[in-house]
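What's in data-v3.cif: mmCIF, C-alpha atoms
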```cif
data_start
#
loop_
_atom_site.group_PDB
_atom_site.id
_atom_site.type_symbol
_atom_site.label_atom_id
_atom_site.label_comp_id
_atom_site.auth_asym_id
_atom_site.auth_seq_id
_atom_site.Cartn_x
_atom_site.Cartn_y
_atom_site.Cartn_z
ATOM 1 C CA MET A 1 -24.972 -48.394 23.970
ATOM 2 C CA LYS A 2 -25.289 -44.752 22.958
ATOM 3 C CA ARG A 3 -21.887 -43.101 22.739
ATOM 4 C CA ILE A 4 -21.091 -39.549 23.912
ATOM 5 C CA VAL A 5 -17.949 -37.597 23.015
ATOM 6 C CA ILE A 6 -17.267 -34.393 24.966
ATOM 7 C CA PHE A 7 -15.168 -31.423 23.870
ATOM 8 C CA ALA A 8 -13.872 -29.160 26.672
ATOM 9 C CA SER A 9 -11.241 -26.450 27.042
ATOM 10 C CA GLY A 10 -10.862 -25.862 30.754
ATOM 11 C CA SER A 11 -11.567 -27.215 34.205
ATOM 12 C CA GLY A 12 -14.010 -29.852 33.035
ATOM 13 C CA THR A 13 -16.705 -29.609 35.711
ATOM 14 C CA ASN A 14 -19.464 -30.059 33.117
ATOM 15 C CA ALA A 15 -17.575 -32.957 31.529
ATOM 16 C CA GLU A 16 -17.129 -34.611 34.930
ATOM 17 C CA ASN A 17 -20.810 -34.094 35.728
ATOM 18 C CA LEU A 18 -21.817 -35.740 32.435
ATOM 19 C CA ILE A 19 -19.376 -38.635 32.892
ATOM 20 C CA LYS A 20 -20.677 -39.334 36.401
ATOM 21 C CA PHE A 21 -24.318 -38.995 35.302
ATOM 22 C CA PHE A 22 -23.878 -41.710 32.654
ATOM 23 C CA GLN A 23 -21.437 -43.967 34.572
ATOM 24 C CA ASN A 24 -24.146 -46.345 35.715
ATOM 25 C CA SER A 25 -26.391 -45.983 32.689
ATOM 26 C CA ASN A 26 -27.376 -49.137 30.864
ATOM 27 C CA TYR A 27 -27.819 -47.377 27.512
ATOM 28 C CA ALA A 28 -25.287 -44.500 27.243
ATOM 29 C CA SER A 29 -21.766 -43.561 28.288
ATOM 30 C CA VAL A 30 -19.083 -40.958 27.706
ATOM 31 C CA VAL A 31 -16.502 -42.762 25.571
ATOM 32 C CA GLN A 32 -14.055 -39.938 24.864
ATOM 33 C CA VAL A 33 -13.136 -36.413 25.948
ATOM 34 C CA LEU A 34 -11.210 -34.161 23.584
ATOM 35 C CA THR A 35 -9.586 -30.851 24.502
ATOM 36 C CA ASN A 36 -7.726 -28.100 22.687
ATOM 37 C CA ASN A 37 -5.760 -27.336 25.870
ATOM 38 C CA PRO A 38 -2.971 -29.789 26.766
ATOM 39 C CA HIS A 39 -2.930 -28.339 30.319
ATOM 40 C CA ALA A 40 -6.705 -28.443 30.871
ATOM 41 C CA LYS A 41 -7.874 -29.741 34.241
ATOM 42 C CA VAL A 42 -10.417 -31.851 32.344
ATOM 43 C CA LEU A 43 -7.567 -34.221 31.422
ATOM 44 C CA ASP A 44 -6.885 -34.909 35.124
ATOM 45 C CA ARG A 45 -10.589 -35.401 35.798
ATOM 46 C CA CYS A 46 -10.827 -37.939 32.954
ATOM 47 C CA LYS A 47 -7.790 -39.840 34.202
ATOM 48 C CA THR A 48 -9.369 -40.098 37.659
ATOM 49 C CA LEU A 49 -12.694 -41.214 36.157
ATOM 50 C CA GLY A 50 -11.126 -43.715 33.747
ATOM 51 C CA VAL A 51 -12.323 -42.014 30.554
ATOM 52 C CA SER A 52 -10.136 -41.731 27.466
ATOM 53 C CA ALA A 53 -8.984 -38.144 26.910
ATOM 54 C CA LEU A 54 -6.811 -36.551 24.238
ATOM 55 C CA SER A 55 -5.624 -33.049 23.452
ATOM 56 C CA PHE A 56 -5.229 -31.629 19.961
ATOM 57 C CA ASN A 57 -4.129 -28.389 18.325
ATOM 58 C CA LYS A 58 -5.937 -26.021 15.975
ATOM 59 C CA ILE A 59 -4.390 -27.576 12.860
ATOM 60 C CA ALA A 60 -5.668 -31.038 13.852
ATOM 61 C CA LEU A 61 -9.171 -29.612 14.293
ATOM 62 C CA THR A 62 -9.468 -27.200 11.387
ATOM 63 C CA LYS A 63 -6.870 -27.969 8.706
ATOM 64 C CA THR A 64 -6.558 -31.769 8.733
ATOM 65 C CA ASN A 65 -8.901 -34.683 9.320
ATOM 66 C CA ASP A 66 -7.121 -35.748 12.536
ATOM 67 C CA VAL A 67 -9.932 -34.818 14.938
ATOM 68 C CA LEU A 68 -12.578 -35.893 12.429
ATOM 69 C CA ASN A 69 -10.930 -39.322 12.163
ATOM 70 C CA ILE A 70 -10.855 -39.646 15.965
ATOM 71 C CA LEU A 71 -14.573 -38.850 16.013
ATOM 72 C CA LYS A 72 -15.346 -41.320 13.234
ATOM 73 C CA ALA A 73 -13.480 -44.019 15.173
ATOM 74 C CA SER A 74 -15.409 -43.141 18.362
ATOM 75 C CA LYS A 75 -18.770 -43.380 16.525
ATOM 76 C CA PRO A 76 -20.579 -40.838 18.735
ATOM 77 C CA ASP A 77 -24.343 -40.683 18.904
ATOM 78 C CA LEU A 78 -23.925 -37.214 20.402
ATOM 79 C CA ILE A 79 -21.035 -34.734 20.533
ATOM 80 C CA VAL A 80 -21.286 -32.420 23.527
ATOM 81 C CA LEU A 81 -19.390 -29.133 23.728
ATOM 82 C CA ALA A 82 -18.954 -28.455 27.445
ATOM 83 C CA GLY A 83 -16.909 -25.303 27.850
ATOM 84 C CA PHE A 84 -15.210 -25.733 24.473
ATOM 85 C CA LEU A 85 -13.969 -22.326 23.342
ATOM 86 C CA TRP A 86 -13.103 -22.801 19.665
ATOM 87 C CA LYS A 87 -15.507 -22.526 16.779
ATOM 88 C CA PHE A 88 -16.488 -26.010 15.664
ATOM 89 C CA PRO A 89 -15.507 -26.660 12.027
ATOM 90 C CA GLU A 90 -18.280 -26.862 9.470
ATOM 91 C CA PHE A 91 -16.787 -29.942 7.778
ATOM 92 C CA ILE A 92 -17.084 -31.866 11.061
ATOM 93 C CA LEU A 93 -20.628 -30.590 11.629
ATOM 94 C CA ASN A 94 -21.513 -31.881 8.155
ATOM 95 C CA GLU A 95 -20.298 -35.368 9.122
ATOM 96 C CA PHE A 96 -22.468 -35.357 12.284
ATOM 97 C CA PRO A 97 -25.672 -33.467 11.389
ATOM 98 C CA ASN A 98 -27.833 -32.599 14.408
ATOM 99 C CA LYS A 99 -25.465 -34.505 16.681
ATOM 100 C CA VAL A 100 -23.398 -31.614 18.091
ATOM 101 C CA ILE A 101 -24.742 -29.600 21.031
ATOM 102 C CA ASN A 102 -23.366 -26.853 23.263
ATOM 103 C CA VAL A 103 -24.233 -25.246 26.583
ATOM 104 C CA HIS A 104 -24.001 -21.438 26.641
ATOM 105 C CA PRO A 105 -23.965 -19.420 29.899
ATOM 106 C CA ALA A 106 -26.709 -16.962 28.895
ATOM 107 C CA LEU A 107 -30.194 -16.886 27.432
ATOM 108 C CA LEU A 108 -29.502 -16.872 23.719
ATOM 109 C CA PRO A 109 -29.842 -15.031 21.422
ATOM 110 C CA ASN A 110 -28.661 -12.485 24.015
ATOM 111 C CA TYR A 111 -24.982 -12.476 25.011
ATOM 112 C CA GLY A 112 -23.888 -14.905 22.334
ATOM 113 C CA GLY A 113 -21.349 -14.749 19.548
ATOM 114 C CA LYS A 114 -17.592 -14.562 19.179
ATOM 115 C CA GLY A 115 -15.847 -13.656 22.429
ATOM 116 C CA MET A 116 -18.947 -14.216 24.561
ATOM 117 C CA TYR A 117 -17.989 -17.044 26.890
ATOM 118 C CA GLY A 118 -17.407 -17.579 30.599
ATOM 119 C CA MET A 119 -16.754 -14.492 32.679
ATOM 120 C CA HIS A 120 -17.107 -12.210 29.622
ATOM 121 C CA VAL A 121 -20.798 -13.129 29.560
ATOM 122 C CA HIS A 122 -21.313 -12.748 33.312
ATOM 123 C CA GLU A 123 -19.530 -9.375 33.376
ATOM 124 C CA ALA A 124 -21.750 -8.128 30.528
ATOM 125 C CA ILE A 125 -24.886 -9.341 32.345
ATOM 126 C CA VAL A 126 -23.906 -7.398 35.490
ATOM 127 C CA ALA A 127 -22.745 -4.297 33.557
ATOM 128 C CA ASN A 128 -26.068 -4.155 31.700
ATOM 129 C CA LYS A 129 -28.014 -4.537 34.959
ATOM 130 C CA GLU A 130 -29.963 -7.542 33.699
ATOM 131 C CA THR A 131 -32.533 -8.939 36.125
ATOM 132 C CA GLU A 132 -32.340 -12.494 34.812
ATOM 133 C CA THR A 133 -29.971 -14.749 32.953
ATOM 134 C CA GLY A 134 -29.612 -18.479 32.496
ATOM 135 C CA ILE A 135 -28.279 -21.227 30.299
ATOM 136 C CA THR A 136 -29.075 -22.257 26.754
ATOM 137 C CA ILE A 137 -28.452 -25.718 25.395
ATOM 138 C CA HIS A 138 -28.487 -25.594 21.613
ATOM 139 C CA TYR A 139 -27.467 -27.418 18.484
ATOM 140 C CA VAL A 140 -24.187 -26.207 17.005
ATOM 141 C CA ASN A 141 -24.127 -24.810 13.496
ATOM 142 C CA GLU A 142 -21.510 -22.915 11.468
ATOM 143 C CA ASN A 143 -22.050 -19.675 13.450
ATOM 144 C CA TYR A 144 -21.247 -19.013 17.111
ATOM 145 C CA ASP A 145 -24.288 -19.592 19.335
ATOM 146 C CA GLU A 146 -26.860 -19.501 16.520
ATOM 147 C CA GLY A 147 -27.990 -23.138 16.348
ATOM 148 C CA ALA A 148 -31.532 -24.199 17.207
ATOM 149 C CA ILE A 149 -32.329 -23.896 20.907
ATOM 150 C CA ILE A 150 -33.072 -27.184 22.680
ATOM 151 C CA PHE A 151 -33.530 -25.982 26.274
ATOM 152 C CA GLN A 152 -33.233 -22.891 28.457
ATOM 153 C CA ALA A 153 -33.275 -22.454 32.230
ATOM 154 C CA LYS A 154 -33.407 -19.065 33.971
ATOM 155 C CA CYS A 155 -32.210 -17.561 37.214
ATOM 156 C CA MET A 156 -32.635 -14.140 38.758
ATOM 157 C CA VAL A 157 -29.837 -11.580 38.923
ATOM 158 C CA SER A 158 -30.023 -9.145 41.836
ATOM 159 C CA ASP A 159 -28.614 -5.624 41.696
ATOM 160 C CA THR A 160 -25.969 -6.663 44.232
ATOM 161 C CA ASP A 161 -24.751 -9.712 42.261
ATOM 162 C CA THR A 162 -21.175 -9.659 41.015
ATOM 163 C CA ALA A 163 -20.031 -11.468 37.876
ATOM 164 C CA GLU A 164 -18.743 -14.207 40.197
ATOM 165 C CA ASP A 165 -22.195 -14.507 41.820
ATOM 166 C CA VAL A 166 -23.776 -14.842 38.380
ATOM 167 C CA ALA A 167 -21.162 -17.444 37.409
ATOM 168 C CA ALA A 168 -22.069 -19.513 40.491
ATOM 169 C CA LYS A 169 -25.787 -19.385 39.623
ATOM 170 C CA ILE A 170 -25.082 -20.420 36.026
ATOM 171 C CA HIS A 171 -22.862 -23.265 37.212
ATOM 172 C CA GLU A 172 -25.731 -24.588 39.368
ATOM 173 C CA LEU A 173 -28.085 -24.503 36.373
ATOM 174 C CA GLU A 174 -25.546 -26.338 34.215
ATOM 175 C CA MET A 175 -24.988 -29.030 36.844
ATOM 176 C CA ALA A 176 -28.740 -29.548 37.314
ATOM 177 C CA HIS A 177 -29.928 -29.466 33.710
ATOM 178 C CA PHE A 178 -27.168 -30.321 31.230
ATOM 179 C CA PRO A 179 -26.984 -34.095 31.938
ATOM 180 C CA LYS A 180 -30.792 -34.402 31.928
ATOM 181 C CA VAL A 181 -31.088 -32.672 28.547
ATOM 182 C CA VAL A 182 -28.332 -34.873 27.075
ATOM 183 C CA ASP A 183 -30.177 -37.900 28.504
ATOM 184 C CA GLU A 184 -33.477 -36.819 26.903
ATOM 185 C CA LEU A 185 -31.813 -36.239 23.523
ATOM 186 C CA LEU A 186 -30.242 -39.695 23.596
ATOM 187 C CA LEU A 187 -33.524 -41.337 24.565
ATOM 188 C CA LYS A 188 -35.215 -39.676 21.562
ATOM 189 C CA SER A 189 -32.492 -40.616 19.083
#
```
Let me see the structure of the file written as structure tokens.
Amino acid sequence: MKRIVIFASGSGTNAENLIKFFQNSNYASVVQVLTNNPHAKVLDRCKTLGVSALSFNKIALTKTNDVLNILKASKPDLIVLAGFLWKFPEFILNEFPNKVINVHPALLPNYGGKGMYGMHVHEAIVANKETETGITIHYVNENYDEGAIIFQAKCMVSDTDTAEDVAAKIHELEMAHFPKVVDELLLKS
């Protein structure tokens, strides 16, 4: 069985979508969810879905091998960042080369980088009067949102769309495409 570990920071809708997508798979499953937020809704979702979930602090991720050791024990074939807001440490990336991916709520390289996540991205899209946006699924490297692009999907932005409207469109794209792209990557590996 291919093993997926998810990192999330918030509500966990993408994590839940991935868990449910692979629940009945005969070759892959989500074996662990890790979060930097001990109050994240993703922890409740995992409990309901019967998936192991743990929270950790910044020291455990960046200054010690605590999170790395959890990952080594989980033996992931793919590490999926699904709404994870912290920069992923280079020493962990080095242990799992080309096995860490992220979904970003814009068409990279536009609207990427430090501080560009969630509503910050959608507000910038609306403020700049963009006519389209989308999602980018990419490999994670040592820089925010600069890893090789795996997949992009686009949607239109109308001049009457609010940041909340854009967020809803992006959420639909994530729900539709993220599990399928993870599935394709696992089938190729």
List the residues matched by the PyMOL selection byres ((chain A and resi 160) around 12) in the displayed structure as a PyMOL selection string, ordered by chain and then by residue number.
chain A and resi 126-127+129-131+156-159+161-166
I need the residues from that last selection saved to file as a tab-separated table (two decimals), in the frame of the given file (with C-alpha atoms), if you can.
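The resulting file, out34.tsv, is shown below:
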```tsv
chain	number	residue	atom	x	y	z
A	126	VAL	CA	-23.91	-7.40	35.49
A	127	ALA	CA	-22.74	-4.30	33.56
A	129	LYS	CA	-28.01	-4.54	34.96
A	130	GLU	CA	-29.96	-7.54	33.70
A	131	THR	CA	-32.53	-8.94	36.12
A	156	MET	CA	-32.64	-14.14	38.76
A	157	VAL	CA	-29.84	-11.58	38.92
A	158	SER	CA	-30.02	-9.14	41.84
A	159	ASP	CA	-28.61	-5.62	41.70
A	161	ASP	CA	-24.75	-9.71	42.26
A	162	THR	CA	-21.18	-9.66	41.02
A	163	ALA	CA	-20.03	-11.47	37.88
A	164	GLU	CA	-18.74	-14.21	40.20
A	165	ASP	CA	-22.20	-14.51	41.82
A	166	VAL	CA	-23.78	-14.84	38.38
```
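Proximity to region 176-184 of chain A at 8 Å, evaluated using only C-alpha atoms and with sequence-adjacent residues fewer than 6 positions away removed, yields Asn14, Asn17, Leu18, Phe21, Val103, Ile137, Phe151 and Ala153 of chain A.
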Selection above as a file: C-alpha atoms, as an mmCIF file, keeping the file's coordinate frame:
```cif
data_model
loop_
_atom_site.group_PDB
_atom_site.id
_atom_site.type_symbol
_atom_site.label_atom_id
_atom_site.label_comp_id
_atom_site.auth_asym_id
_atom_site.auth_seq_id
_atom_site.Cartn_x
_atom_site.Cartn_y
_atom_site.Cartn_z
ATOM 1 C CA ASN A 14 -19.464 -30.059 33.117
ATOM 2 C CA ASN A 17 -20.810 -34.094 35.728
ATOM 3 C CA LEU A 18 -21.817 -35.740 32.435
ATOM 4 C CA PHE A 21 -24.318 -38.995 35.302
ATOM 5 C CA VAL A 103 -24.233 -25.246 26.583
ATOM 6 C CA ILE A 137 -28.452 -25.718 25.395
ATOM 7 C CA PHE A 151 -33.530 -25.982 26.274
ATOM 8 C CA ALA A 153 -33.275 -22.454 32.230
#
```
Quick one: apply the PyMOL selection byres ((chain A and resi 67) around 12) to the file and drop the selected residues here as number ranges by chain.
A: 5, 7, 32-36, 54-66, 68-74, 88-89, 91-93, 95
Which residue out of A:Ile101, A:Ala167, A:Asp77, A:Val121 has the minimum interatomic distance to Ala28 (chain A) when only C-alpha atoms are used?
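Of all the options, A:Asp77 lies closest to Ala28 (chain A).
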Evaluate the PyMOL selection byres ((chain A and resi 51) around 8) against this structure - the residues, as a ChimeraX atom specification, please.
/A:30-33,46-50,52-53
Looking at A:Val140, A:Ala168, A:Met119, A:Leu173, which one is nearest to Leu78 (chain A), with distances taken over all atoms listed in the file?
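Distance minimum relative to Leu78 (chain A) lands on A:Val140.
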Residue list as a PyMOL selection string for point (-12.3, -19.0, 24.7), cut-off 9 Å, all atoms listed in the file:
chain A and resi 9+83-86+114-118
Take the residues that were just selected and, keeping C-alpha atoms, output them as an mmCIF file, in the coordinates of the input.
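Done, and the output landed in part-v2.cif:
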```cif
data_model
loop_
_atom_site.group_PDB
_atom_site.id
_atom_site.type_symbol
_atom_site.label_atom_id
_atom_site.label_comp_id
_atom_site.auth_asym_id
_atom_site.auth_seq_id
_atom_site.Cartn_x
_atom_site.Cartn_y
_atom_site.Cartn_z
ATOM 1 C CA SER A 9 -11.241 -26.450 27.042
ATOM 2 C CA GLY A 83 -16.909 -25.303 27.850
ATOM 3 C CA PHE A 84 -15.210 -25.733 24.473
ATOM 4 C CA LEU A 85 -13.969 -22.326 23.342
ATOM 5 C CA TRP A 86 -13.103 -22.801 19.665
ATOM 6 C CA LYS A 114 -17.592 -14.562 19.179
ATOM 7 C CA GLY A 115 -15.847 -13.656 22.429
ATOM 8 C CA MET A 116 -18.947 -14.216 24.561
ATOM 9 C CA TYR A 117 -17.989 -17.044 26.890
ATOM 10 C CA GLY A 118 -17.407 -17.579 30.599
#
```
May I ask for the distance between CA of Ser29 (chain A) and CA of Glu90 (chain A), given in Å to one decimal place?
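Separation of CA of Ser29 (chain A) and CA of Glu90 (chain A): 25.4 Å.
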Would you give the centre and edge lengths, in Å to one decimal, of a box along x, y and z around the listed atoms of region 119-129 of chain A, with 5 Å added to each side, as AutoDock Vina command-line options?
```
--center_x -22.4 --center_y -9.3 --center_z 32.5 --size_x 21.3 --size_y 20.3 --size_z 15.9
```
In Å, rounded to a single decimal, give me how far CA of Asp145 (chain A) is from CA of Asn110 (chain A).
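Taking CA of Asn110 (chain A) as the start and CA of Asp145 (chain A) as the end point, the length is 9.6 Å.
Nearest residue to Ala148 (chain A) among A:Leu186, A:Val80, A:Leu108, A:Ile125 is A:Leu108, counting all atoms listed in the file.
Counting only C-alpha atoms and comparing A:Asn102, A:Asn128, A:Asn141, A:Asn94, the residue that lies closest to Ala15 (chain A) is A:Asn102.
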Starting from the sparse input, extend region 100-116 of chain A to N, CA and C atoms and give the output as a PDB file, in the frame of the given file.
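Written output follows (selection.pdb):
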```pdb
ATOM      1  N   VAL A 100     -24.348 -32.419  17.324  1.00  0.00           N
ATOM      2  CA  VAL A 100     -23.398 -31.614  18.091  1.00  0.00           C
ATOM      3  C   VAL A 100     -24.191 -30.570  18.860  1.00  0.00           C
ATOM      4  N   ILE A 101     -24.031 -30.570  20.198  1.00  0.00           N
ATOM      5  CA  ILE A 101     -24.742 -29.600  21.031  1.00  0.00           C
ATOM      6  C   ILE A 101     -23.744 -28.848  21.909  1.00  0.00           C
ATOM      7  N   ASN A 102     -24.195 -27.713  22.419  1.00  0.00           N
ATOM      8  CA  ASN A 102     -23.366 -26.853  23.263  1.00  0.00           C
ATOM      9  C   ASN A 102     -24.219 -26.314  24.404  1.00  0.00           C
ATOM     10  N   VAL A 103     -23.567 -25.982  25.510  1.00  0.00           N
ATOM     11  CA  VAL A 103     -24.233 -25.246  26.583  1.00  0.00           C
ATOM     12  C   VAL A 103     -23.608 -23.860  26.614  1.00  0.00           C
ATOM     13  N   HIS A 104     -24.459 -22.833  26.617  1.00  0.00           N
ATOM     14  CA  HIS A 104     -24.001 -21.438  26.641  1.00  0.00           C
ATOM     15  C   HIS A 104     -24.478 -20.787  27.936  1.00  0.00           C
ATOM     16  N   PRO A 105     -23.622 -19.974  28.585  1.00  0.00           N
ATOM     17  CA  PRO A 105     -23.965 -19.420  29.899  1.00  0.00           C
ATOM     18  C   PRO A 105     -24.791 -18.136  29.849  1.00  0.00           C
ATOM     19  N   ALA A 106     -25.787 -18.104  28.973  1.00  0.00           N
ATOM     20  CA  ALA A 106     -26.709 -16.962  28.895  1.00  0.00           C
ATOM     21  C   ALA A 106     -27.953 -17.432  28.152  1.00  0.00           C
ATOM     22  N   LEU A 107     -28.951 -16.574  28.131  1.00  0.00           N
ATOM     23  CA  LEU A 107     -30.194 -16.886  27.432  1.00  0.00           C
ATOM     24  C   LEU A 107     -30.085 -16.378  25.994  1.00  0.00           C
ATOM     25  N   LEU A 108     -29.631 -17.257  25.126  1.00  0.00           N
ATOM     26  CA  LEU A 108     -29.502 -16.872  23.719  1.00  0.00           C
ATOM     27  C   LEU A 108     -30.870 -16.495  23.165  1.00  0.00           C
ATOM     28  N   PRO A 109     -30.947 -15.568  22.217  1.00  0.00           N
ATOM     29  CA  PRO A 109     -29.842 -15.031  21.422  1.00  0.00           C
ATOM     30  C   PRO A 109     -29.029 -13.927  22.112  1.00  0.00           C
ATOM     31  N   ASN A 110     -29.412 -13.531  23.311  1.00  0.00           N
ATOM     32  CA  ASN A 110     -28.661 -12.485  24.015  1.00  0.00           C
ATOM     33  C   ASN A 110     -27.320 -13.021  24.515  1.00  0.00           C
ATOM     34  N   TYR A 111     -26.310 -12.187  24.466  1.00  0.00           N
ATOM     35  CA  TYR A 111     -24.982 -12.476  25.011  1.00  0.00           C
ATOM     36  C   TYR A 111     -24.322 -13.710  24.367  1.00  0.00           C
ATOM     37  N   GLY A 112     -24.539 -13.841  23.086  1.00  0.00           N
ATOM     38  CA  GLY A 112     -23.888 -14.905  22.334  1.00  0.00           C
ATOM     39  C   GLY A 112     -22.936 -14.316  21.312  1.00  0.00           C
ATOM     40  N   GLY A 113     -22.238 -15.178  20.620  1.00  0.00           N
ATOM     41  CA  GLY A 113     -21.349 -14.749  19.548  1.00  0.00           C
ATOM     42  C   GLY A 113     -19.887 -14.827  19.942  1.00  0.00           C
ATOM     43  N   LYS A 114     -19.039 -14.478  18.996  1.00  0.00           N
ATOM     44  CA  LYS A 114     -17.592 -14.562  19.179  1.00  0.00           C
ATOM     45  C   LYS A 114     -17.168 -13.741  20.397  1.00  0.00           C
ATOM     46  N   GLY A 115     -16.363 -14.343  21.245  1.00  0.00           N
ATOM     47  CA  GLY A 115     -15.847 -13.656  22.429  1.00  0.00           C
ATOM     48  C   GLY A 115     -16.771 -13.680  23.634  1.00  0.00           C
ATOM     49  N   MET A 116     -17.998 -14.167  23.447  1.00  0.00           N
ATOM     50  CA  MET A 116     -18.947 -14.216  24.561  1.00  0.00           C
ATOM     51  C   MET A 116     -18.945 -15.615  25.181  1.00  0.00           C
TER      52      MET A 116
END
```
